[in-house]
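Quick look at final.cif (mmCIF, N, CA and C atoms):
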data_run
loop_
_atom_site.label_atom_id
_atom_site.label_comp_id
_atom_site.auth_asym_id
_atom_site.auth_seq_id
_atom_site.Cartn_x
_atom_site.Cartn_y
_atom_site.Cartn_z
N MET A 1 98.18 152.27 135.46
CA MET A 1 99.11 152.98 136.33
C MET A 1 98.34 153.59 137.46
N LEU A 2 98.91 153.57 138.61
CA LEU A 2 98.29 154.16 139.78
C LEU A 2 98.80 155.58 139.96
N GLN A 3 98.08 156.32 140.77
CA GLN A 3 98.52 157.67 141.07
C GLN A 3 99.74 157.61 141.97
N PRO A 4 100.56 158.65 141.97
CA PRO A 4 101.75 158.64 142.83
C PRO A 4 101.37 158.35 144.27
N PRO A 5 102.29 157.74 145.04
CA PRO A 5 101.96 157.33 146.40
C PRO A 5 101.56 158.47 147.31
N HIS A 6 101.99 159.70 147.03
CA HIS A 6 101.66 160.82 147.90
C HIS A 6 100.25 161.35 147.67
N GLN A 7 99.53 160.82 146.67
CA GLN A 7 98.17 161.24 146.40
C GLN A 7 97.23 160.08 146.72
N PRO A 8 96.06 160.38 147.26
CA PRO A 8 95.13 159.28 147.56
C PRO A 8 94.60 158.67 146.27
N LEU A 9 94.37 157.38 146.29
CA LEU A 9 93.83 156.67 145.15
C LEU A 9 92.35 156.99 145.03
N ARG A 10 91.91 157.32 143.82
CA ARG A 10 90.49 157.57 143.60
C ARG A 10 89.78 156.22 143.60
N VAL A 11 88.67 156.15 144.29
CA VAL A 11 87.92 154.91 144.38
C VAL A 11 86.52 155.17 143.87
N ALA A 12 85.99 154.22 143.11
CA ALA A 12 84.63 154.34 142.60
C ALA A 12 83.64 154.33 143.77
N ALA A 13 82.46 154.91 143.56
CA ALA A 13 81.46 154.99 144.61
C ALA A 13 81.03 153.61 145.08
N GLY A 14 80.99 152.67 144.21
CA GLY A 14 80.61 151.32 144.58
C GLY A 14 81.13 150.34 143.57
N PRO A 15 81.12 149.05 143.87
CA PRO A 15 81.62 148.08 142.92
C PRO A 15 80.73 148.00 141.69
N THR A 16 81.34 147.76 140.55
CA THR A 16 80.58 147.61 139.32
C THR A 16 80.59 146.14 138.94
N PRO A 17 79.58 145.68 138.24
CA PRO A 17 79.51 144.26 137.93
C PRO A 17 80.63 143.79 137.01
N ARG A 18 81.27 144.72 136.26
CA ARG A 18 82.31 144.32 135.33
C ARG A 18 83.67 144.27 135.98
N THR A 19 83.80 144.67 137.25
CA THR A 19 85.09 144.63 137.91
C THR A 19 85.50 143.18 138.13
N PRO A 20 86.70 142.81 137.69
CA PRO A 20 87.12 141.42 137.84
C PRO A 20 87.25 141.03 139.31
N ALA A 21 86.82 139.84 139.61
CA ALA A 21 86.93 139.34 140.98
C ALA A 21 88.33 138.81 141.22
N ARG A 22 88.86 139.10 142.36
CA ARG A 22 90.17 138.59 142.73
C ARG A 22 89.99 137.24 143.39
N GLU A 23 90.82 136.31 143.04
CA GLU A 23 90.73 135.00 143.66
C GLU A 23 91.31 135.04 145.06
N ASP A 24 92.41 135.79 145.23
CA ASP A 24 92.96 135.92 146.57
C ASP A 24 92.46 137.25 147.14
N LYS A 25 91.94 137.22 148.30
CA LYS A 25 91.36 138.41 148.92
C LYS A 25 92.35 139.05 149.90
N ALA A 26 93.64 138.91 149.62
CA ALA A 26 94.67 139.42 150.53
C ALA A 26 94.68 140.95 150.58
N GLY A 27 94.21 141.60 149.55
CA GLY A 27 94.21 143.05 149.52
C GLY A 27 93.74 143.55 148.19
N PRO A 28 93.66 144.87 148.04
CA PRO A 28 93.21 145.43 146.77
C PRO A 28 94.23 145.13 145.67
N TRP A 29 93.73 144.98 144.45
CA TRP A 29 94.60 144.61 143.34
C TRP A 29 95.76 145.59 143.18
N HIS A 30 95.52 146.87 143.39
CA HIS A 30 96.57 147.85 143.13
C HIS A 30 97.73 147.77 144.11
N SER A 31 97.55 147.08 145.22
CA SER A 31 98.68 146.93 146.15
C SER A 31 99.79 146.06 145.56
N GLU A 32 99.44 145.24 144.55
CA GLU A 32 100.42 144.37 143.91
C GLU A 32 100.95 144.94 142.60
N ALA A 33 100.52 146.12 142.22
CA ALA A 33 100.89 146.69 140.92
C ALA A 33 102.37 147.02 140.86
N VAL A 34 103.02 146.59 139.80
CA VAL A 34 104.44 146.86 139.59
C VAL A 34 104.69 148.36 139.47
N CYS A 35 103.75 149.08 138.87
CA CYS A 35 103.94 150.52 138.61
C CYS A 35 104.02 151.35 139.89
N ARG A 36 103.64 150.79 141.01
CA ARG A 36 103.73 151.54 142.27
C ARG A 36 105.18 151.90 142.59
N ARG A 37 106.11 151.16 141.99
CA ARG A 37 107.52 151.41 142.24
C ARG A 37 108.16 152.29 141.17
N ASP A 38 107.39 152.67 140.15
CA ASP A 38 107.93 153.47 139.06
C ASP A 38 107.45 154.91 139.15
N GLU A 39 108.11 155.76 138.39
CA GLU A 39 107.75 157.17 138.34
C GLU A 39 106.42 157.35 137.61
N ALA A 40 105.55 158.19 138.12
CA ALA A 40 104.26 158.45 137.50
C ALA A 40 104.44 159.06 136.11
N ARG A 41 105.51 159.82 135.91
CA ARG A 41 105.71 160.47 134.62
C ARG A 41 105.90 159.47 133.49
N LEU A 42 106.26 158.23 133.81
CA LEU A 42 106.37 157.20 132.79
C LEU A 42 104.99 156.84 132.24
N PHE A 43 103.97 156.94 133.06
CA PHE A 43 102.63 156.51 132.68
C PHE A 43 101.71 157.66 132.26
N PHE A 44 102.08 158.89 132.58
CA PHE A 44 101.25 160.05 132.25
C PHE A 44 102.07 161.07 131.49
N ALA A 45 101.49 161.61 130.43
CA ALA A 45 102.19 162.55 129.54
C ALA A 45 102.32 163.93 130.16
N PRO A 46 103.50 164.51 130.01
CA PRO A 46 103.63 165.93 130.36
C PRO A 46 102.92 166.76 129.29
N SER A 47 102.58 167.98 129.61
CA SER A 47 101.90 168.81 128.61
C SER A 47 102.85 169.10 127.45
N LYS A 48 102.30 169.13 126.27
CA LYS A 48 103.04 169.43 125.03
C LYS A 48 104.20 168.48 124.78
N GLU A 49 104.00 167.22 125.07
CA GLU A 49 105.03 166.20 124.83
C GLU A 49 105.13 165.91 123.32
N PRO A 50 106.33 165.95 122.76
CA PRO A 50 106.48 165.61 121.34
C PRO A 50 106.05 164.16 121.08
N THR A 51 105.54 163.92 119.88
CA THR A 51 105.00 162.60 119.54
C THR A 51 106.02 161.48 119.72
N ALA A 52 107.23 161.68 119.25
CA ALA A 52 108.26 160.62 119.38
C ALA A 52 108.55 160.31 120.85
N ALA A 53 108.60 161.35 121.66
CA ALA A 53 108.84 161.14 123.10
C ALA A 53 107.66 160.42 123.74
N ARG A 54 106.44 160.78 123.34
CA ARG A 54 105.24 160.14 123.89
C ARG A 54 105.23 158.65 123.54
N LEU A 55 105.49 158.33 122.28
CA LEU A 55 105.49 156.93 121.86
C LEU A 55 106.54 156.12 122.60
N SER A 56 107.70 156.69 122.78
CA SER A 56 108.78 156.01 123.51
C SER A 56 108.39 155.80 124.97
N ARG A 57 107.84 156.83 125.59
CA ARG A 57 107.43 156.74 126.99
C ARG A 57 106.33 155.70 127.15
N GLU A 58 105.34 155.71 126.24
CA GLU A 58 104.25 154.74 126.33
C GLU A 58 104.75 153.31 126.16
N GLU A 59 105.70 153.09 125.26
CA GLU A 59 106.26 151.75 125.10
C GLU A 59 107.00 151.31 126.36
N SER A 60 107.70 152.23 127.00
CA SER A 60 108.39 151.90 128.26
C SER A 60 107.37 151.55 129.33
N ALA A 61 106.28 152.30 129.41
CA ALA A 61 105.23 152.02 130.39
C ALA A 61 104.59 150.66 130.12
N LYS A 62 104.36 150.36 128.86
CA LYS A 62 103.76 149.07 128.50
C LYS A 62 104.68 147.90 128.86
N ARG A 63 105.98 148.11 128.79
CA ARG A 63 106.91 147.05 129.21
C ARG A 63 106.78 146.79 130.71
N VAL A 64 106.58 147.84 131.48
CA VAL A 64 106.35 147.68 132.92
C VAL A 64 105.05 146.92 133.13
N CYS A 65 104.00 147.32 132.42
CA CYS A 65 102.70 146.65 132.55
C CYS A 65 102.78 145.17 132.19
N ALA A 66 103.57 144.85 131.18
CA ALA A 66 103.66 143.47 130.70
C ALA A 66 104.16 142.51 131.77
N ARG A 67 104.92 142.99 132.72
CA ARG A 67 105.44 142.10 133.77
C ARG A 67 104.64 142.23 135.08
N CYS A 68 103.52 142.93 135.02
CA CYS A 68 102.73 143.17 136.22
C CYS A 68 101.74 142.04 136.48
N PRO A 69 101.68 141.53 137.72
CA PRO A 69 100.76 140.43 138.02
C PRO A 69 99.29 140.84 138.05
N VAL A 70 99.00 142.13 138.09
CA VAL A 70 97.61 142.59 138.13
C VAL A 70 97.26 143.44 136.91
N MET A 71 97.92 143.17 135.80
CA MET A 71 97.69 143.96 134.58
C MET A 71 96.22 143.90 134.14
N ILE A 72 95.60 142.75 134.18
CA ILE A 72 94.22 142.60 133.73
C ILE A 72 93.27 143.40 134.63
N GLU A 73 93.48 143.32 135.95
CA GLU A 73 92.64 144.08 136.88
C GLU A 73 92.79 145.58 136.64
N CYS A 74 94.01 146.02 136.41
CA CYS A 74 94.30 147.42 136.15
C CYS A 74 93.62 147.87 134.86
N GLN A 75 93.75 147.06 133.83
CA GLN A 75 93.15 147.37 132.53
C GLN A 75 91.63 147.48 132.67
N GLU A 76 91.02 146.55 133.35
CA GLU A 76 89.57 146.58 133.50
C GLU A 76 89.14 147.78 134.34
N HIS A 77 89.90 148.10 135.36
CA HIS A 77 89.62 149.30 136.17
C HIS A 77 89.59 150.53 135.26
N ALA A 78 90.59 150.67 134.40
CA ALA A 78 90.69 151.84 133.53
C ALA A 78 89.55 151.88 132.52
N LEU A 79 89.04 150.73 132.13
CA LEU A 79 87.92 150.68 131.19
C LEU A 79 86.59 150.96 131.89
N VAL A 80 86.43 150.47 133.09
CA VAL A 80 85.17 150.65 133.84
C VAL A 80 85.04 152.08 134.35
N GLN A 81 86.13 152.71 134.77
CA GLN A 81 86.04 154.04 135.39
C GLN A 81 85.42 155.10 134.48
N PRO A 82 85.69 155.37 133.29
CA PRO A 82 86.91 155.10 132.54
C PRO A 82 87.98 156.15 132.83
N GLU A 83 89.22 155.70 132.83
CA GLU A 83 90.36 156.60 133.05
C GLU A 83 90.67 157.32 131.74
N PRO A 84 90.65 158.66 131.72
CA PRO A 84 90.84 159.39 130.46
C PRO A 84 92.30 159.59 130.06
N TYR A 85 93.24 159.39 130.97
CA TYR A 85 94.64 159.70 130.68
C TYR A 85 95.55 158.56 131.12
N GLY A 86 96.71 158.51 130.50
CA GLY A 86 97.77 157.61 130.96
C GLY A 86 97.69 156.21 130.41
N VAL A 87 98.72 155.45 130.74
CA VAL A 87 98.80 154.03 130.38
C VAL A 87 98.33 153.25 131.61
N TRP A 88 97.32 152.44 131.41
CA TRP A 88 96.74 151.60 132.46
C TRP A 88 96.61 150.20 131.91
N GLY A 89 97.11 149.22 132.59
CA GLY A 89 96.96 147.84 132.15
C GLY A 89 97.53 147.59 130.76
N GLY A 90 98.55 148.32 130.40
CA GLY A 90 99.18 148.14 129.10
C GLY A 90 98.47 148.81 127.94
N LEU A 91 97.45 149.61 128.22
CA LEU A 91 96.72 150.31 127.16
C LEU A 91 96.81 151.82 127.34
N THR A 92 97.01 152.53 126.24
CA THR A 92 96.97 153.99 126.28
C THR A 92 95.51 154.44 126.29
N ALA A 93 95.30 155.72 126.52
CA ALA A 93 93.94 156.27 126.52
C ALA A 93 93.27 156.02 125.17
N ALA A 94 93.99 156.21 124.09
CA ALA A 94 93.43 155.98 122.75
C ALA A 94 93.07 154.51 122.55
N GLU A 95 93.92 153.62 123.00
CA GLU A 95 93.64 152.19 122.88
C GLU A 95 92.43 151.80 123.71
N ARG A 96 92.28 152.39 124.88
CA ARG A 96 91.11 152.10 125.72
C ARG A 96 89.83 152.59 125.05
N ARG A 97 89.88 153.74 124.38
CA ARG A 97 88.70 154.23 123.67
C ARG A 97 88.28 153.24 122.58
N VAL A 98 89.25 152.65 121.89
CA VAL A 98 88.94 151.65 120.87
C VAL A 98 88.29 150.41 121.51
N VAL A 99 88.86 149.94 122.60
CA VAL A 99 88.30 148.76 123.29
C VAL A 99 86.88 149.05 123.74
N LEU A 100 86.64 150.22 124.32
CA LEU A 100 85.30 150.57 124.78
C LEU A 100 84.31 150.67 123.62
N ALA A 101 84.74 151.24 122.50
CA ALA A 101 83.87 151.33 121.32
C ALA A 101 83.52 149.94 120.82
N ARG A 102 84.50 149.03 120.81
CA ARG A 102 84.23 147.65 120.38
C ARG A 102 83.27 146.96 121.32
N ARG A 103 83.45 147.18 122.62
CA ARG A 103 82.53 146.57 123.60
C ARG A 103 81.12 147.08 123.41
N ARG A 104 80.98 148.41 123.21
CA ARG A 104 79.64 148.98 123.00
C ARG A 104 79.01 148.41 121.73
N ARG A 105 79.79 148.32 120.66
CA ARG A 105 79.28 147.79 119.40
C ARG A 105 78.86 146.33 119.58
N ARG A 106 79.67 145.55 120.28
CA ARG A 106 79.35 144.13 120.51
C ARG A 106 78.08 144.00 121.35
N GLU A 107 77.95 144.83 122.38
CA GLU A 107 76.74 144.80 123.21
C GLU A 107 75.50 145.13 122.40
N MET A 108 75.62 146.12 121.50
CA MET A 108 74.49 146.48 120.65
C MET A 108 74.14 145.34 119.70
N GLU A 109 75.16 144.67 119.15
CA GLU A 109 74.92 143.54 118.26
C GLU A 109 74.23 142.40 119.00
N LEU A 110 74.66 142.14 120.23
CA LEU A 110 74.05 141.08 121.03
C LEU A 110 72.60 141.41 121.37
N LYS A 111 72.34 142.68 121.71
CA LYS A 111 70.97 143.09 122.01
C LYS A 111 70.08 142.98 120.78
N ALA A 112 70.61 143.36 119.63
CA ALA A 112 69.84 143.28 118.39
C ALA A 112 69.57 141.84 118.00
N ALA A 113 70.49 140.95 118.27
CA ALA A 113 70.34 139.55 117.91
C ALA A 113 69.49 138.79 118.93
N ALA A 114 69.42 139.24 120.16
CA ALA A 114 68.71 138.52 121.21
C ALA A 114 67.23 138.32 120.90
N PRO A 115 66.47 139.35 120.51
CA PRO A 115 65.05 139.12 120.23
C PRO A 115 64.83 138.12 119.09
N ALA A 116 65.64 138.17 118.05
CA ALA A 116 65.49 137.25 116.92
C ALA A 116 65.79 135.82 117.38
N GLY A 117 66.83 135.64 118.16
CA GLY A 117 67.18 134.33 118.67
C GLY A 117 66.15 133.80 119.64
N HIS A 118 65.57 134.69 120.43
CA HIS A 118 64.54 134.30 121.41
C HIS A 118 63.29 133.80 120.70
N VAL A 119 62.84 134.49 119.65
CA VAL A 119 61.67 134.11 118.92
C VAL A 119 61.88 132.78 118.21
N ALA A 120 63.06 132.60 117.61
CA ALA A 120 63.37 131.36 116.92
C ALA A 120 63.38 130.17 117.89
N ALA A 121 63.91 130.40 119.08
CA ALA A 121 63.98 129.31 120.05
C ALA A 121 62.59 128.94 120.56
N ALA A 122 61.73 129.94 120.68
CA ALA A 122 60.38 129.69 121.20
C ALA A 122 59.52 129.02 120.14
N GLY A 123 59.77 129.31 118.84
CA GLY A 123 58.91 128.81 117.77
C GLY A 123 59.32 127.49 117.37
#
Kindly return the structure encoded in the file as structure tokens.
Amino acid sequence: MLQPPHQPLRVAAGPTPRTPAREDKAGPWHSEAVCRRDEARLFFAPSKEPTAARLSREESAKRVCARCPVMIECQEHALVQPEPYGVWGGLTAAERRVVLARRRRREMELKAAAPAGHVAAAG
């Protein structure tokens, strides 16, 4: 989800290597985001929101994300930044924390396996 149109979009200091490349260079990915036409409150929780209301709101936001042509770019943006709040690219903040933990674990496994594989290939 993007910030409301009346607020400037936060931009990272520079591109990160994990940012997905756009095939069409017509404009920034967020210019095509479906959520730009929706209320920000659908994607961000009000303070002290009851659990049932939060779950319902998040499911509604995810339905918007599911029909978005730039959902993957949005999701990766939220993971790379990382965005601490809201639904981005069809993932809640909690879901993004799980994805990031899995990525870190996978990277550690690959690093641990690399020296063993390198030695075996050389020998």
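Taking atom N of A:Ile72 as the reference point, atom CA of A:Gly89 is found at 5.6 Å.
Near stretch 55-59 of chain A, within 8 Å and counting all atoms listed in the file, sit Arg41, Leu42, Phe43, Phe44, Glu49, Pro50, Val64, Cys65, Gly86, Val87, Gly90 and Thr92 of chain A, not including residues fewer than 5 positions from it in the same chain.
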Inset, instruction - Return the single residue from A:Ala112, A:Ala33, A:Ala40, A:Ala101 that is closest to A:Pro69, with distances computed using only C-alpha atoms. - result: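 With only C-alpha atoms as the atom set, the closest residue is A:Ala33.
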Legend entry - A:Val99 surroundings by only C-alpha atoms, 12 Å radius, close-in-sequence under 4 positions cut, as a PyMOL selection string: chain A and resi 75-76+78-80+82+91-95+103-106
Inset, instruction - Would you work out the distance separating atom C of A:Trp88 from atom C of A:Trp29, expressed in Å to one decimal? - result: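 Atom C of A:Trp29 lies 12.2 Å from atom C of A:Trp88.
The two atoms in question, atom CA of A:Cys74 and atom CA of A:His30, are spaced 7.4 Å apart.
Checking A:Val98, A:Tyr85, A:Met71, A:Arg63 one by one against A:Pro46, counting only C-alpha atoms, you find the shortest gap at A:Tyr85.
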